[in-house]
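These notes are about the structure you will find just below.
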Amino acid sequence: MEKSKVYFTNFHTTFRENLPQKLARLIKTAGMTEHIHFQNKYAAVKIHFGELGNLSFLRPNFAKVVVDLIKEGGGKPFLTDCNTLYVGSRKNALDHLDTAYENGFSPFSTGCHVLIADGLKGTDEILVPIDGEYIKEAKIGRAVMDADIFISLTHFKGHESTGFGGTLKNIGMGCGSRAGKMEMHNAGKPHVTEESCIGCHACEKNCAHDAFSFQNKKALIDSSKCVSCGRCIGVCPVDAIESDCDESNDILNCKIAEYTKAVLKDRPHFHISLVMDVSPYCDCHSENDIPIIPDVGMFASFDPVALDAACADAVNRQPVMAGSILEKHGSHHHDHFKDTHPNTNWESSIEHAVKIGLGSAQYELISI
């Protein structure tokens, strides 16, 4: 397969060019503004707004660079993400918007609006046929699929399940509705935490398959009727219904790749990844630890697979940050991600993405 072009620049600046200006030059050199026609088109800019308490997410200033370039081309950009499956500060659209604004992603700081793609309770989705090895019909947030153009802006960091959280995870997992996230994480059914259930019957009213019954004012799920749509998780007012999250990490990575393909197919797309503040865990955590390596730089490509591969290779070439979890774990595999999270295998995501035709793991790194 022909090598994909991945463009790179470091974080060094001069009095003539600051970091936002350097990022804009990287994006232009990589060809986003030349090859994508934004005029009168809706452009979804997929980003992670960061869980409240986490401070390693990307600064809103970087998002504004992307937004401004799209607007210069006559496009109509919006920042977007989908609600989380777990309980946190982004589990519904109202809390999610509050979190985005508190973390600095307001229309005043970024130049565009924020839309939570899967709606108020994470149930506003579009079913996208994909016919993958694991996924036949991806459940994607409606606003993401309604957009004409898709741009991803990713904070590259470690992850406890996938090895690292890069472009594929930002797109595949991030654009999945709550039911989509459940499909990726879970091979089984949701369950009810009995002590938390208040017997309000909201789950029963929103179940289209008559899977709920009640005993002693507590909800029970009939797994033979449950289709794992995840709507009960979204409507429970006390978060008493949870996903088992029992899918193996390798299969999780494969499902993420297939969801990414569902999001990107049949429309223009471009991808940016910033390797900085490389925390050991996802920005979904309400905290962030010492970065495992020093900051590396900014990457951009039309190929999300090559972009992840280039970022992973760049991280693995870096020295270990003193005092980090990675230093405490020690270097045993010559792989910073596997040393940080020994039960993960990030290569499985790259390999499956190549297998399904999403992109190439072979890349030409072009430094500017």
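For the structure tokens, the naming scheme is as follows: chains receive sequential letters (A, B, ...) according to their order of presentation, residues are indexed from 1 within each chain, and ligands are indexed from 1 in presentation order.
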Practice item. Run DSSP on the backbone and grab whatever in region 136-324 of chain A lands in alpha helix (DSSP H); send it over as number ranges by chain. Key: A: 142-146, 167-172, 178-185, 202-205, 231-235, 249-264, 304-316
9 Å contact set for Val320 (chain A), only C-alpha atoms, chain neighbours under 4 positions out, as an mmCIF file with C-alpha atoms, in the first residue's frame:
data_model
loop_
_atom_site.group_PDB
_atom_site.id
_atom_site.type_symbol
_atom_site.label_atom_id
_atom_site.label_comp_id
_atom_site.auth_asym_id
_atom_site.auth_seq_id
_atom_site.Cartn_x
_atom_site.Cartn_y
_atom_site.Cartn_z
ATOM 1 C CA ILE A 292 4.450 9.769 30.698
ATOM 2 C CA ILE A 293 6.740 11.522 28.152
ATOM 3 C CA PRO A 294 7.746 15.090 27.214
ATOM 4 C CA SER A 324 5.360 9.307 35.959
ATOM 5 C CA LEU A 326 5.485 4.823 33.236
ATOM 6 C CA GLU A 327 8.722 5.334 35.185
ATOM 7 C CA SER A 331 10.388 -0.315 30.591
ATOM 8 C CA HIS A 336 5.477 3.016 26.400
#
Check which residues of region 205-295 of chain A sit at most 8 Å from region 51-63 of chain A using only C-alpha atoms, and return one row each with the closest pair of atoms and their distance in Å to one decimal, ordered by chain and rising number, as JSON lines.
{"residue": "A:Asp277", "atom": "CA", "partner": "A:Ser56", "partner_atom": "CA", "distance": 5.8}
{"residue": "A:Val278", "atom": "CA", "partner": "A:Ser56", "partner_atom": "CA", "distance": 7.9}
{"residue": "A:Ser279", "atom": "CA", "partner": "A:Ser56", "partner_atom": "CA", "distance": 7.0}
{"residue": "A:Asp283", "atom": "CA", "partner": "A:Phe57", "partner_atom": "CA", "distance": 6.1}
{"residue": "A:Cys284", "atom": "CA", "partner": "A:Glu51", "partner_atom": "CA", "distance": 5.2}
{"residue": "A:His285", "atom": "CA", "partner": "A:Glu51", "partner_atom": "CA", "distance": 6.1}
{"residue": "A:Ser286", "atom": "CA", "partner": "A:Gly53", "partner_atom": "CA", "distance": 4.6}
{"residue": "A:Glu287", "atom": "CA", "partner": "A:Asn54", "partner_atom": "CA", "distance": 4.3}
{"residue": "A:Asn288", "atom": "CA", "partner": "A:Asn54", "partner_atom": "CA", "distance": 5.4}
Review point. Smallest atom-to-atom distance to Gly31 (chain A): which of A:Val66, A:Ala300, A:Ile325, A:Ala179, using only C-alpha atoms?
Key: A:Ala300
Practice item. Find the distance between CA of Ala309 (chain A) and CA of Val144 (chain A) and write it in Å to one decimal. Key: 24.5 Å
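CA of Gly199 (chain A) lies 10.5 Å from CA of Pro237 (chain A).
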Exercise for review: List the neighbours of region 310-316 of chain A out to 8 Å using only C-alpha atoms; skip same-chain residues closer than 6 positions along the sequence, and give me the result as number ranges by chain.
Suggested key: A: 6, 156, 273, 275, 293, 296, 299, 334-336, 363, 365
Using the selection just defined, write its residues with N, CA and C atoms as a tab-separated table (two decimals), in the first residue's frame.
chain	number	residue	atom	x	y	z
A	6	VAL	N	1.94	12.21	6.43
A	6	VAL	CA	1.63	12.75	7.75
A	6	VAL	C	2.55	13.95	7.96
A	156	PHE	N	-3.67	13.35	21.92
A	156	PHE	CA	-3.09	12.01	21.92
A	156	PHE	C	-2.56	11.72	23.33
A	273	SER	N	-3.76	15.77	15.27
A	273	SER	CA	-3.50	15.14	16.55
A	273	SER	C	-2.34	15.86	17.24
A	275	VAL	N	0.31	15.79	20.23
A	275	VAL	CA	0.97	14.90	21.21
A	275	VAL	C	1.61	15.78	22.27
A	293	ILE	N	5.61	11.10	28.98
A	293	ILE	CA	6.74	11.52	28.15
A	293	ILE	C	6.71	13.04	28.00
A	296	VAL	N	5.70	16.35	22.35
A	296	VAL	CA	6.35	15.99	21.09
A	296	VAL	C	6.07	17.03	20.00
A	299	PHE	N	0.58	16.93	14.67
A	299	PHE	CA	0.55	16.08	13.48
A	299	PHE	C	-0.77	16.32	12.74
A	334	HIS	N	9.71	-2.11	25.47
A	334	HIS	CA	10.12	-1.10	24.49
A	334	HIS	C	8.89	-0.47	23.83
A	335	ASP	N	7.82	-0.40	24.59
A	335	ASP	CA	6.55	0.15	24.13
A	335	ASP	C	5.93	0.89	25.31
A	336	HIS	N	5.93	2.22	25.26
A	336	HIS	CA	5.48	3.02	26.40
A	336	HIS	C	4.03	2.72	26.78
A	363	TYR	N	3.59	5.33	6.48
A	363	TYR	CA	3.46	6.77	6.30
A	363	TYR	C	4.81	7.42	5.98
A	365	LEU	N	6.63	10.82	6.92
A	365	LEU	CA	6.55	11.93	7.86
A	365	LEU	C	7.22	13.16	7.26
Practice item. Please identify which residues in region 94-237 of chain A DSSP calls strand (DSSP E) from the backbone, and express them as JSON, numbers by chain. Key: {"A": [113, 114, 115, 116, 125, 126, 127, 128, 129, 137, 138, 139, 140, 141, 149, 150, 151, 152, 153, 154, 155, 157, 158, 159, 163, 164, 165, 191, 192, 212, 213, 214, 215, 218, 219, 220, 221]}
Output file for the residues above (N, CA and C atoms, as an mmCIF file, in the first residue's frame):
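out.cif, freshly written:
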data_model
loop_
_atom_site.group_PDB
_atom_site.id
_atom_site.type_symbol
_atom_site.label_atom_id
_atom_site.label_comp_id
_atom_site.auth_asym_id
_atom_site.auth_seq_id
_atom_site.Cartn_x
_atom_site.Cartn_y
_atom_site.Cartn_z
ATOM 1 N N HIS A 113 -20.388 27.310 17.771
ATOM 2 C CA HIS A 113 -21.237 26.697 18.777
ATOM 3 C C HIS A 113 -20.816 25.254 19.066
ATOM 4 N N VAL A 114 -21.292 24.762 20.203
ATOM 5 C CA VAL A 114 -21.091 23.369 20.595
ATOM 6 C C VAL A 114 -22.408 22.627 20.442
ATOM 7 N N LEU A 115 -22.390 21.509 19.728
ATOM 8 C CA LEU A 115 -23.560 20.643 19.612
ATOM 9 C C LEU A 115 -23.207 19.262 20.160
ATOM 10 N N ILE A 116 -24.013 18.768 21.097
ATOM 11 C CA ILE A 116 -23.820 17.405 21.592
ATOM 12 C C ILE A 116 -24.548 16.491 20.613
ATOM 13 N N GLU A 125 -29.663 9.222 17.474
ATOM 14 C CA GLU A 125 -28.623 8.554 16.704
ATOM 15 C C GLU A 125 -29.103 8.231 15.293
ATOM 16 N N ILE A 126 -28.140 7.969 14.419
ATOM 17 C CA ILE A 126 -28.419 7.473 13.077
ATOM 18 C C ILE A 126 -27.748 6.113 12.937
ATOM 19 N N LEU A 127 -28.465 5.158 12.367
ATOM 20 C CA LEU A 127 -27.908 3.825 12.149
ATOM 21 C C LEU A 127 -27.191 3.820 10.807
ATOM 22 N N VAL A 128 -25.899 3.544 10.829
ATOM 23 C CA VAL A 128 -25.069 3.591 9.626
ATOM 24 C C VAL A 128 -24.636 2.177 9.255
ATOM 25 N N PRO A 129 -25.135 1.638 8.126
ATOM 26 C CA PRO A 129 -24.716 0.290 7.715
ATOM 27 C C PRO A 129 -23.215 0.250 7.456
ATOM 28 N N GLU A 137 -24.165 -2.414 11.914
ATOM 29 C CA GLU A 137 -24.890 -1.151 11.830
ATOM 30 C C GLU A 137 -24.439 -0.267 12.983
ATOM 31 N N ALA A 138 -23.593 0.706 12.677
ATOM 32 C CA ALA A 138 -23.053 1.575 13.721
ATOM 33 C C ALA A 138 -24.092 2.592 14.170
ATOM 34 N N LYS A 139 -24.098 2.896 15.453
ATOM 35 C CA LYS A 139 -25.040 3.847 16.050
ATOM 36 C C LYS A 139 -24.277 5.142 16.325
ATOM 37 N N ILE A 140 -24.441 6.120 15.447
ATOM 38 C CA ILE A 140 -23.653 7.352 15.477
ATOM 39 C C ILE A 140 -24.541 8.538 15.847
ATOM 40 N N GLY A 141 -24.007 9.458 16.634
ATOM 41 C CA GLY A 141 -24.736 10.671 16.986
ATOM 42 C C GLY A 141 -25.218 11.419 15.756
ATOM 43 N N ILE A 149 -19.016 17.670 6.265
ATOM 44 C CA ILE A 149 -17.569 17.469 6.354
ATOM 45 C C ILE A 149 -17.223 17.091 7.793
ATOM 46 N N PHE A 150 -16.216 16.236 7.944
ATOM 47 C CA PHE A 150 -15.835 15.793 9.287
ATOM 48 C C PHE A 150 -14.356 16.088 9.520
ATOM 49 N N ILE A 151 -14.070 16.814 10.586
ATOM 50 C CA ILE A 151 -12.701 17.136 10.986
ATOM 51 C C ILE A 151 -12.506 16.642 12.419
ATOM 52 N N SER A 152 -11.388 15.973 12.681
ATOM 53 C CA SER A 152 -11.113 15.554 14.060
ATOM 54 C C SER A 152 -9.907 16.306 14.601
ATOM 55 N N LEU A 153 -10.019 16.732 15.845
ATOM 56 C CA LEU A 153 -8.934 17.387 16.565
ATOM 57 C C LEU A 153 -8.722 16.587 17.850
ATOM 58 N N THR A 154 -7.591 15.897 17.931
ATOM 59 C CA THR A 154 -7.396 14.879 18.965
ATOM 60 C C THR A 154 -6.261 15.222 19.915
ATOM 61 N N HIS A 155 -6.500 15.005 21.196
ATOM 62 C CA HIS A 155 -5.420 15.000 22.186
ATOM 63 C C HIS A 155 -4.910 13.574 22.299
ATOM 64 N N LYS A 157 -3.046 10.619 23.929
ATOM 65 C CA LYS A 157 -2.672 10.291 25.308
ATOM 66 C C LYS A 157 -2.772 8.783 25.514
ATOM 67 N N GLY A 158 -2.428 8.323 26.702
ATOM 68 C CA GLY A 158 -2.576 6.903 27.016
ATOM 69 C C GLY A 158 -4.022 6.549 27.293
ATOM 70 N N HIS A 159 -4.292 5.234 27.339
ATOM 71 C CA HIS A 159 -5.643 4.767 27.658
ATOM 72 C C HIS A 159 -5.573 3.376 28.268
ATOM 73 N N GLY A 163 -4.771 1.160 25.037
ATOM 74 C CA GLY A 163 -3.349 1.438 24.949
ATOM 75 C C GLY A 163 -3.091 2.922 24.829
ATOM 76 N N PHE A 164 -3.623 3.528 23.785
ATOM 77 C CA PHE A 164 -3.611 4.981 23.674
ATOM 78 C C PHE A 164 -4.957 5.456 23.150
ATOM 79 N N GLY A 165 -5.242 6.720 23.440
ATOM 80 C CA GLY A 165 -6.429 7.353 22.884
ATOM 81 C C GLY A 165 -5.974 8.324 21.806
ATOM 82 N N HIS A 191 -27.105 -4.112 33.215
ATOM 83 C CA HIS A 191 -27.625 -4.684 34.456
ATOM 84 C C HIS A 191 -28.086 -3.555 35.381
ATOM 85 N N VAL A 192 -28.955 -3.890 36.323
ATOM 86 C CA VAL A 192 -29.505 -2.927 37.283
ATOM 87 C C VAL A 192 -28.778 -3.073 38.611
ATOM 88 N N PHE A 212 -38.340 -5.158 30.781
ATOM 89 C CA PHE A 212 -38.302 -4.796 32.202
ATOM 90 C C PHE A 212 -39.506 -5.341 32.963
ATOM 91 N N SER A 213 -39.232 -5.780 34.165
ATOM 92 C CA SER A 213 -40.275 -6.111 35.131
ATOM 93 C C SER A 213 -39.812 -5.563 36.480
ATOM 94 N N PHE A 214 -40.708 -5.566 37.461
ATOM 95 C CA PHE A 214 -40.363 -5.002 38.766
ATOM 96 C C PHE A 214 -40.719 -5.974 39.884
ATOM 97 N N GLN A 215 -39.794 -6.095 40.804
ATOM 98 C CA GLN A 215 -39.996 -6.949 41.977
ATOM 99 C C GLN A 215 -39.533 -6.173 43.205
ATOM 100 N N LYS A 218 -38.089 -2.797 42.494
ATOM 101 C CA LYS A 218 -36.774 -2.739 41.871
ATOM 102 C C LYS A 218 -36.857 -3.309 40.458
ATOM 103 N N ALA A 219 -36.182 -2.674 39.519
ATOM 104 C CA ALA A 219 -36.229 -3.106 38.121
ATOM 105 C C ALA A 219 -35.414 -4.373 37.905
ATOM 106 N N LEU A 220 -35.948 -5.224 37.029
ATOM 107 C CA LEU A 220 -35.240 -6.424 36.589
ATOM 108 C C LEU A 220 -35.219 -6.433 35.064
ATOM 109 N N ILE A 221 -34.106 -6.910 34.464
ATOM 110 C CA ILE A 221 -33.981 -6.958 33.005
ATOM 111 C C ILE A 221 -34.021 -8.409 32.548
#
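The nearest approach to Ile171 (chain A) among the residues A:Glu351, A:Asp289, A:Asp81, A:Asp68, with only C-alpha atoms taken into account, belongs to A:Asp81.
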Check your understanding: If you measure from CA of Leu274 (chain A) to CA of Asn83 (chain A), what distance in Å do you get, rounded to one decimal?
Key -> 22.6 Å
Review point. Can you list, as a list in words, every protein, DNA or RNA residue that comes within 10 Å of region 22-29 of chain A when you count only C-alpha atoms, leaving out same-chain residues fewer than 6 positions away?
Key: Tyr7, Phe8, Thr9, Asn10, Phe11, His12, Thr13, Thr14, Arg16, His35, Phe62, Lys64, Val65, Val66, Asp68, Leu69, Phe270, His271, Ile272, Leu274, Gly297, Met298, Phe299, Ala300, Ser301, Ile366, Ser367 and Ile368 of chain A
